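K.L.:
Take a look at my_file32.cif, mmCIF, C-alpha atoms and all ligand atoms:
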```
data_coords
#
loop_
_atom_site.label_atom_id
_atom_site.label_comp_id
_atom_site.auth_asym_id
_atom_site.auth_seq_id
_atom_site.Cartn_x
_atom_site.Cartn_y
_atom_site.Cartn_z
CA MET H 9 -24.10 25.22 -33.87
CA SER H 10 -23.26 22.25 -36.06
CA ALA H 11 -21.24 19.48 -34.43
CA THR H 12 -18.97 19.19 -37.47
CA ALA H 13 -17.94 21.76 -40.08
CA PRO H 14 -18.51 20.75 -43.75
CA GLN H 15 -14.78 20.97 -44.54
CA ASP H 16 -14.01 18.63 -41.64
CA GLU H 17 -16.62 16.14 -42.83
CA GLN H 18 -15.03 16.26 -46.29
CA LEU H 19 -11.60 15.70 -44.74
CA TRP H 20 -12.93 12.58 -43.00
CA ARG H 21 -14.50 11.31 -46.27
CA ASP H 22 -11.13 11.82 -48.00
CA LEU H 23 -9.34 9.89 -45.26
CA VAL H 24 -11.83 7.02 -45.51
CA ALA H 25 -11.48 6.96 -49.32
CA ALA H 26 -7.68 6.76 -49.02
CA HIS H 27 -8.05 3.97 -46.47
CA ASP H 28 -10.42 1.99 -48.69
CA ALA H 29 -8.25 2.49 -51.80
CA ARG H 30 -5.04 0.99 -50.39
CA PRO H 31 -3.53 -2.04 -52.18
CA ALA H 32 -4.78 -5.55 -51.41
CA ARG H 33 -1.31 -6.57 -50.16
CA ASP H 34 -1.73 -4.06 -47.38
CA ILE H 35 -5.20 -5.30 -46.49
CA GLU H 36 -4.35 -9.01 -46.16
CA PRO H 37 -2.30 -8.72 -42.93
CA GLU H 38 -5.18 -6.90 -41.25
CA ARG H 39 -7.28 -10.09 -41.30
CA HIS H 40 -5.16 -11.93 -38.72
CA GLN H 41 -3.65 -10.41 -35.61
CA ALA H 42 -0.20 -11.91 -34.97
CA PRO H 43 1.90 -9.39 -33.02
CA HIS H 44 5.53 -10.14 -32.07
CA VAL H 45 5.87 -6.93 -30.14
CA ALA H 46 3.76 -4.63 -27.97
CA LEU H 47 4.93 -1.08 -28.53
CA LEU H 48 4.14 1.97 -26.44
CA THR H 49 5.04 5.13 -28.32
CA CYS H 50 3.94 8.77 -28.70
CA SER H 51 0.94 9.89 -30.78
CA ASP H 52 3.27 12.24 -32.69
CA ALA H 53 2.36 12.23 -36.42
CA ARG H 54 6.02 11.81 -37.48
CA ILE H 55 5.99 8.26 -36.13
CA ALA H 56 4.75 5.50 -38.49
CA ASP H 57 1.16 4.20 -38.17
CA ASN H 58 1.93 1.25 -35.95
CA GLY H 59 5.20 2.77 -34.68
CA LEU H 60 7.64 0.68 -36.72
CA ARG H 61 8.22 1.23 -40.43
CA GLY H 62 8.87 -1.93 -42.42
CA THR H 63 6.39 -4.05 -40.45
CA ALA H 64 3.00 -5.34 -41.54
CA ASP H 65 -0.02 -3.93 -39.75
CA ASN H 66 -0.68 -7.19 -37.90
CA GLU H 67 2.84 -7.51 -36.43
CA VAL H 68 2.76 -4.72 -33.87
CA PHE H 69 0.36 -4.32 -30.95
CA SER H 70 0.62 -0.56 -30.88
CA ILE H 71 -0.36 1.73 -28.02
CA ARG H 72 0.04 5.43 -28.68
CA VAL H 73 -0.42 8.28 -26.26
CA ALA H 74 1.16 11.74 -26.16
CA GLY H 75 4.54 11.47 -24.42
CA ALA H 76 4.39 7.63 -24.41
CA ILE H 77 3.40 7.78 -20.76
CA PRO H 78 2.72 4.44 -19.02
CA ASN H 79 -0.60 5.40 -17.41
CA ASP H 80 -3.07 2.84 -16.05
CA GLU H 81 -4.97 2.43 -19.32
CA VAL H 82 -1.72 1.89 -21.22
CA LEU H 83 -0.52 -0.69 -18.70
CA ALA H 84 -3.84 -2.54 -18.98
CA SER H 85 -3.45 -2.70 -22.76
CA LEU H 86 0.13 -3.98 -22.42
CA ALA H 87 -1.02 -6.65 -19.97
CA PHE H 88 -3.68 -7.72 -22.46
CA ALA H 89 -1.05 -8.05 -25.22
CA VAL H 90 1.21 -10.18 -23.02
CA VAL H 91 -1.41 -12.39 -21.38
CA ALA H 92 -4.04 -12.78 -24.11
CA LEU H 93 -1.83 -12.55 -27.21
CA ALA H 94 1.41 -14.00 -25.73
CA VAL H 95 3.51 -11.13 -27.08
CA PRO H 96 7.13 -11.95 -26.12
CA LEU H 97 8.61 -8.46 -26.47
CA VAL H 98 7.44 -5.11 -25.09
CA VAL H 99 9.03 -1.77 -25.98
CA VAL H 100 8.65 1.80 -24.75
CA MET H 101 9.79 4.16 -27.53
CA THR H 102 9.98 7.93 -27.09
CA HIS H 103 11.22 10.30 -29.78
CA GLN H 104 13.34 13.35 -30.43
CA ARG H 105 11.64 16.76 -30.12
CA CYS H 106 8.57 15.28 -28.39
CA GLY H 107 6.05 18.11 -28.00
CA ALA H 108 4.46 16.52 -24.94
CA ILE H 109 7.78 16.20 -23.12
CA SER H 110 9.15 19.60 -24.16
CA GLY H 111 5.75 21.08 -23.22
CA ALA H 112 6.02 19.57 -19.75
CA ILE H 113 9.52 21.01 -19.35
CA ALA H 114 8.30 24.43 -20.53
CA ALA H 115 5.34 24.22 -18.16
CA ARG H 116 7.75 23.68 -15.29
CA ALA H 117 9.58 26.83 -16.33
CA GLY H 118 6.30 28.76 -16.02
CA LEU H 119 5.30 28.67 -19.70
CA ARG H 120 2.09 26.82 -19.00
CA THR H 121 -0.94 27.28 -21.27
CA ASP H 122 -4.54 26.38 -20.44
CA ALA H 123 -4.88 24.18 -23.52
CA ALA H 124 -1.88 22.03 -22.62
CA ASP H 125 -2.59 21.77 -18.92
CA ALA H 126 -4.58 18.53 -18.89
CA MET H 127 -2.13 16.63 -21.07
CA LEU H 128 0.96 18.00 -19.38
CA ALA H 129 -0.32 17.02 -15.96
CA GLY H 130 -0.13 13.44 -17.17
CA VAL H 131 3.45 13.74 -18.44
CA GLU H 132 4.94 15.82 -15.65
CA GLN H 133 4.59 13.20 -12.96
CA TYR H 134 7.05 10.97 -14.84
CA LEU H 135 9.70 13.67 -15.25
CA PRO H 136 12.20 14.34 -12.49
CA PRO H 137 13.26 17.99 -12.16
CA GLU H 138 16.32 19.54 -13.83
CA LEU H 139 16.45 17.36 -16.94
CA SER H 140 17.38 18.72 -20.36
CA GLU H 141 14.97 17.86 -23.18
CA ASP H 142 17.30 15.21 -24.64
CA ASP H 143 17.85 13.64 -21.23
CA ALA H 144 14.12 13.76 -20.52
CA ILE H 145 13.28 11.87 -23.71
CA GLU H 146 15.72 9.11 -22.79
CA HIS H 147 14.56 9.15 -19.20
CA MET H 148 10.90 8.77 -20.25
CA ALA H 149 11.79 5.67 -22.28
CA ARG H 150 13.77 4.16 -19.38
CA SER H 151 11.31 4.99 -16.62
CA GLY H 152 8.36 3.88 -18.76
CA THR H 153 10.09 0.55 -19.31
CA THR H 154 10.75 0.18 -15.58
CA THR H 155 7.10 0.94 -14.75
CA MET H 156 5.92 -1.45 -17.44
CA ARG H 157 8.27 -4.22 -16.26
CA ARG H 158 7.09 -3.87 -12.65
CA GLN H 159 3.42 -4.00 -13.64
CA LEU H 160 3.85 -6.90 -16.05
CA ALA H 161 5.81 -8.91 -13.47
CA GLU H 162 2.74 -8.86 -11.22
CA VAL H 163 0.33 -9.72 -14.01
CA CYS H 164 2.56 -12.52 -15.34
CA ALA H 165 3.02 -14.00 -11.85
CA SER H 166 -0.71 -14.03 -11.16
CA THR H 167 -1.62 -15.53 -14.53
CA GLY H 168 1.30 -17.92 -15.02
CA THR H 169 2.38 -16.04 -18.15
CA VAL H 170 6.01 -15.96 -19.34
CA MET H 171 7.49 -12.52 -18.63
CA PRO H 172 8.28 -10.72 -21.92
CA THR H 173 11.58 -9.02 -22.70
CA ALA H 174 11.26 -5.26 -22.09
CA ILE H 175 13.27 -2.68 -24.04
CA ALA H 176 13.54 1.13 -23.99
CA ALA H 177 14.17 2.95 -27.27
CA LEU H 178 13.88 6.32 -28.97
CA ILE H 179 13.58 7.64 -32.51
CA ASP H 180 15.99 10.18 -33.96
CA HIS H 181 13.85 12.15 -36.45
CA ASP H 182 16.91 13.56 -38.25
CA THR H 183 18.07 10.11 -39.36
CA ASP H 184 14.82 8.14 -38.76
CA GLU H 185 16.95 5.67 -36.81
CA ILE H 186 15.68 3.87 -33.74
CA LEU H 187 18.20 3.84 -30.88
CA THR H 188 17.96 1.26 -28.12
CA VAL H 189 18.67 2.98 -24.83
CA GLU H 190 18.48 -0.04 -22.58
ZN ZN H 201 5.86 13.01 -28.61
#
```
Could I get this file's structure written as structure tokens?
Ligand SMILES: [Zn+2]

P.N.:
Amino acid sequence: MSATAPQDEQLWRDLVAAHDARPARDIEPERHQAPHVALLTCSDARIADNGLRGTADNEVFSIRVAGAIPNDEVLASLAFAVVALAVPLVVVMTHQRCGAISGAIAARAGLRTDAADAMLAGVEQYLPPELSEDDAIEHMARSGTTTMRRQLAEVCASTGTVMPTAIAALIDHDTDEILTVE
């Protein structure tokens, strides 16, 4: 059995060609990393590349994982952004109709599938019972921010780093607006 199907290899070549063909003005910011914000958001394809439309690629230290869950690897990346890159602002941003969060809620209701099990196990632990999907999305942003703040407080204290401002937010896909929830 081949590791990759020919059509998938072609898809990758097309993606690389599109990447290499982008305008020079888009390439220049990639030379120098200068993030103002560390952003944890979902991997959902509706969200912009670095999480925030209207920013250059080098402005956002972006961490993306399904459900925007603040797991240990995510927290380590955030700590790196704050300590090594002196990022003054950290944001946890969930989004409307998040498949990871709605999947976790469905799994609780007994609609679990084998394929989703591994991912949902990671999301479920951050969701208290009896939340509607809308409430859960807001809750995930708030609780992720609280977890992040607690972890960063320790790291900043031990390294003598200034504690960044921490904000919770969510994206409304109907209007493409970002709402600050905290
Ligand atoms: Zn999502």

K.L.:
So that I can check the surroundings of range 165-169 of chain H, please list as a list of chain:residue names every protein, DNA and RNA residue that reaches within 12 Å of it, counting all atoms listed in the file and ignoring chain neighbours fewer than 4 positions away.

P.N.:
H:Ala87, H:Phe88, H:Ala89, H:Val90, H:Val91, H:Ala92, H:Leu93, H:Ala94, H:Val95, H:Pro96, H:Arg157, H:Arg158, H:Gln159, H:Leu160, H:Ala161

K.L.:
Within 6 Å of ligand ZN 201 (chain H), which residues show up when you count all atoms listed in the file? List them as a list of chain:residue names, please.

P.N.:
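These are the residues that qualify: H:Cys50, H:Asp52, H:Ala74, H:Gly75, H:Cys106, H:Gly107, H:Ala108.
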
K.L.:
Can you pull out every residue within 8 Å of Val68 in chain H, counting all atoms listed in the file, but drop anything in the same chain fewer than 5 positions away, and send it as a list in words?

P.N.:
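My reading of the contact set: Ala42, Pro43, His44, Val45, Ala46, Leu47, Asn58, Gly59, Leu60 and Thr63 of chain H.
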
K.L.:
Could you tell me which of H:Leu19, H:Ala64, H:Ala76, H:Val131 comes closest to Ala114 in chain H if we count all atoms listed in the file?

P.N.:
H:Val131

K.L.:
With 3 Å on each side, where is the centre of the axis-aligned box around all listed atoms of range 16-30 of chain H, and how long are its edges in Å to one decimal, as JSON?

P.N.:
```
{"center_x": -10.8, "center_y": 9.8, "center_z": -46.7, "size_x": 17.6, "size_y": 23.6, "size_z": 16.2}
```

K.L.:
Between CA of Asp182 in chain H and CA of Pro137 in chain H, what distance in Å does the model show, to one decimal?

P.N.:
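Between CA of Asp182 in chain H and CA of Pro137 in chain H the gap is 26.7 Å.
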
K.L.:
Quick one: distance from CA of Glu132 in chain H to CA of Ala112 in chain H in Å, one decimal?

P.N.:
5.7 Å

K.L.:
Do you know which residues lie at most 10 Å from (12.9, -2.5, -28.8), with coordinates as in the file and all atoms listed in the file counted, and could you write them as a list in words?

P.N.:
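Residues with an atom at most 10 Å from (12.9, -2.5, -28.8): Val45, Ala46, Leu47, Leu97, Val98, Val99, Val100, Met101, Thr173, Ala174, Ile175, Ala176, Ala177, Leu178, Ile186, Leu187, Thr188, Val189 and Glu190 of chain H.
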
K.L.:
To one decimal in Å, tell me the separation between CA of Thr155 in chain H and CA of Leu83 in chain H.

P.N.:
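About the pair CA of Thr155 in chain H and CA of Leu83 in chain H: they are 8.7 Å apart.
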
K.L.:
Take range 92-179 of chain H from the block and save it with C-alpha atoms, as a PDB file, in the first residue's frame.

P.N.:
```
ATOM      1  CA  ALA H  92      11.143  34.404  25.179  1.00  0.00           C
ATOM      2  CA  LEU H  93       9.281  36.834  22.895  1.00  0.00           C
ATOM      3  CA  ALA H  94       7.915  39.229  25.573  1.00  0.00           C
ATOM      4  CA  VAL H  95       4.394  39.099  24.130  1.00  0.00           C
ATOM      5  CA  PRO H  96       2.304  41.501  26.270  1.00  0.00           C
ATOM      6  CA  LEU H  97      -1.150  40.159  25.402  1.00  0.00           C
ATOM      7  CA  VAL H  98      -2.517  36.609  25.409  1.00  0.00           C
ATOM      8  CA  VAL H  99      -5.977  35.658  24.116  1.00  0.00           C
ATOM      9  CA  VAL H 100      -8.077  32.495  24.143  1.00  0.00           C
ATOM     10  CA  MET H 101     -10.577  32.693  21.263  1.00  0.00           C
ATOM     11  CA  THR H 102     -13.255  30.053  20.675  1.00  0.00           C
ATOM     12  CA  HIS H 103     -15.830  30.264  17.906  1.00  0.00           C
ATOM     13  CA  GLN H 104     -19.474  29.742  17.061  1.00  0.00           C
ATOM     14  CA  ARG H 105     -20.518  26.245  15.917  1.00  0.00           C
ATOM     15  CA  CYS H 106     -17.220  24.688  17.043  1.00  0.00           C
ATOM     16  CA  GLY H 107     -17.263  21.052  15.902  1.00  0.00           C
ATOM     17  CA  ALA H 108     -14.948  19.949  18.708  1.00  0.00           C
ATOM     18  CA  ILE H 109     -17.132  21.492  21.409  1.00  0.00           C
ATOM     19  CA  SER H 110     -20.464  20.418  19.902  1.00  0.00           C
ATOM     20  CA  GLY H 111     -18.938  16.952  19.392  1.00  0.00           C
ATOM     21  CA  ALA H 112     -18.033  16.776  23.067  1.00  0.00           C
ATOM     22  CA  ILE H 113     -21.577  17.779  24.027  1.00  0.00           C
ATOM     23  CA  ALA H 114     -23.019  15.170  21.652  1.00  0.00           C
ATOM     24  CA  ALA H 115     -20.638  12.554  23.049  1.00  0.00           C
ATOM     25  CA  ARG H 116     -21.986  13.263  26.518  1.00  0.00           C
ATOM     26  CA  ALA H 117     -25.484  12.646  25.203  1.00  0.00           C
ATOM     27  CA  GLY H 118     -24.366   9.193  24.020  1.00  0.00           C
ATOM     28  CA  LEU H 119     -23.662  10.095  20.391  1.00  0.00           C
ATOM     29  CA  ARG H 120     -20.024   9.108  20.635  1.00  0.00           C
ATOM     30  CA  THR H 121     -18.153   7.834  17.566  1.00  0.00           C
ATOM     31  CA  ASP H 122     -14.882   5.908  17.553  1.00  0.00           C
ATOM     32  CA  ALA H 123     -13.217   8.421  15.237  1.00  0.00           C
ATOM     33  CA  ALA H 124     -13.952  11.379  17.509  1.00  0.00           C
ATOM     34  CA  ASP H 125     -13.161   9.657  20.782  1.00  0.00           C
ATOM     35  CA  ALA H 126      -9.512  10.633  21.138  1.00  0.00           C
ATOM     36  CA  MET H 127     -10.080  14.298  20.360  1.00  0.00           C
ATOM     37  CA  LEU H 128     -13.240  14.590  22.405  1.00  0.00           C
ATOM     38  CA  ALA H 129     -11.552  13.121  25.456  1.00  0.00           C
ATOM     39  CA  GLY H 130      -9.304  16.165  25.390  1.00  0.00           C
ATOM     40  CA  VAL H 131     -12.173  18.652  25.155  1.00  0.00           C
ATOM     41  CA  GLU H 132     -14.609  17.045  27.562  1.00  0.00           C
ATOM     42  CA  GLN H 133     -12.522  17.557  30.662  1.00  0.00           C
ATOM     43  CA  TYR H 134     -12.864  21.332  30.246  1.00  0.00           C
ATOM     44  CA  LEU H 135     -16.655  21.280  29.872  1.00  0.00           C
ATOM     45  CA  PRO H 136     -18.884  21.274  32.934  1.00  0.00           C
ATOM     46  CA  PRO H 137     -22.125  19.290  32.526  1.00  0.00           C
ATOM     47  CA  GLU H 138     -25.466  20.781  31.434  1.00  0.00           C
ATOM     48  CA  LEU H 139     -24.155  23.575  29.218  1.00  0.00           C
ATOM     49  CA  SER H 140     -25.847  24.575  25.960  1.00  0.00           C
ATOM     50  CA  GLU H 141     -23.552  24.794  22.927  1.00  0.00           C
ATOM     51  CA  ASP H 142     -23.516  28.613  22.986  1.00  0.00           C
ATOM     52  CA  ASP H 143     -22.774  28.676  26.707  1.00  0.00           C
ATOM     53  CA  ALA H 144     -20.087  26.019  26.268  1.00  0.00           C
ATOM     54  CA  ILE H 145     -18.276  28.057  23.620  1.00  0.00           C
ATOM     55  CA  GLU H 146     -18.185  31.076  25.921  1.00  0.00           C
ATOM     56  CA  HIS H 147     -17.267  28.909  28.883  1.00  0.00           C
ATOM     57  CA  MET H 148     -14.337  27.342  26.989  1.00  0.00           C
ATOM     58  CA  ALA H 149     -12.947  30.811  26.237  1.00  0.00           C
ATOM     59  CA  ARG H 150     -13.320  31.909  29.877  1.00  0.00           C
ATOM     60  CA  SER H 151     -12.000  28.740  31.481  1.00  0.00           C
ATOM     61  CA  GLY H 152      -9.131  28.531  28.982  1.00  0.00           C
ATOM     62  CA  THR H 153      -8.167  32.086  29.898  1.00  0.00           C
ATOM     63  CA  THR H 154      -8.313  31.264  33.612  1.00  0.00           C
ATOM     64  CA  THR H 155      -6.121  28.181  33.129  1.00  0.00           C
ATOM     65  CA  MET H 156      -3.693  30.147  30.986  1.00  0.00           C
ATOM     66  CA  ARG H 157      -3.530  33.015  33.503  1.00  0.00           C
ATOM     67  CA  ARG H 158      -2.808  30.622  36.385  1.00  0.00           C
ATOM     68  CA  GLN H 159      -0.046  28.848  34.466  1.00  0.00           C
ATOM     69  CA  LEU H 160       1.545  32.054  33.181  1.00  0.00           C
ATOM     70  CA  ALA H 161       1.522  33.605  36.667  1.00  0.00           C
ATOM     71  CA  GLU H 162       3.800  30.789  37.846  1.00  0.00           C
ATOM     72  CA  VAL H 163       6.088  31.006  34.841  1.00  0.00           C
ATOM     73  CA  CYS H 164       6.311  34.810  35.024  1.00  0.00           C
ATOM     74  CA  ALA H 165       7.050  34.726  38.769  1.00  0.00           C
ATOM     75  CA  SER H 166       9.831  32.183  38.357  1.00  0.00           C
ATOM     76  CA  THR H 167      11.442  33.980  35.419  1.00  0.00           C
ATOM     77  CA  GLY H 168      10.894  37.604  36.460  1.00  0.00           C
ATOM     78  CA  THR H 169       8.753  38.222  33.368  1.00  0.00           C
ATOM     79  CA  VAL H 170       5.998  40.864  33.286  1.00  0.00           C
ATOM     80  CA  MET H 171       2.601  39.145  33.404  1.00  0.00           C
ATOM     81  CA  PRO H 172       0.729  39.699  30.110  1.00  0.00           C
ATOM     82  CA  THR H 173      -2.871  40.881  29.862  1.00  0.00           C
ATOM     83  CA  ALA H 174      -5.165  37.875  29.289  1.00  0.00           C
ATOM     84  CA  ILE H 175      -8.433  38.120  27.351  1.00  0.00           C
ATOM     85  CA  ALA H 176     -11.209  35.665  26.418  1.00  0.00           C
ATOM     86  CA  ALA H 177     -12.978  36.099  23.080  1.00  0.00           C
ATOM     87  CA  LEU H 178     -15.088  34.294  20.504  1.00  0.00           C
ATOM     88  CA  ILE H 179     -15.835  34.613  16.800  1.00  0.00           C
TER      89      ILE H 179
END
```
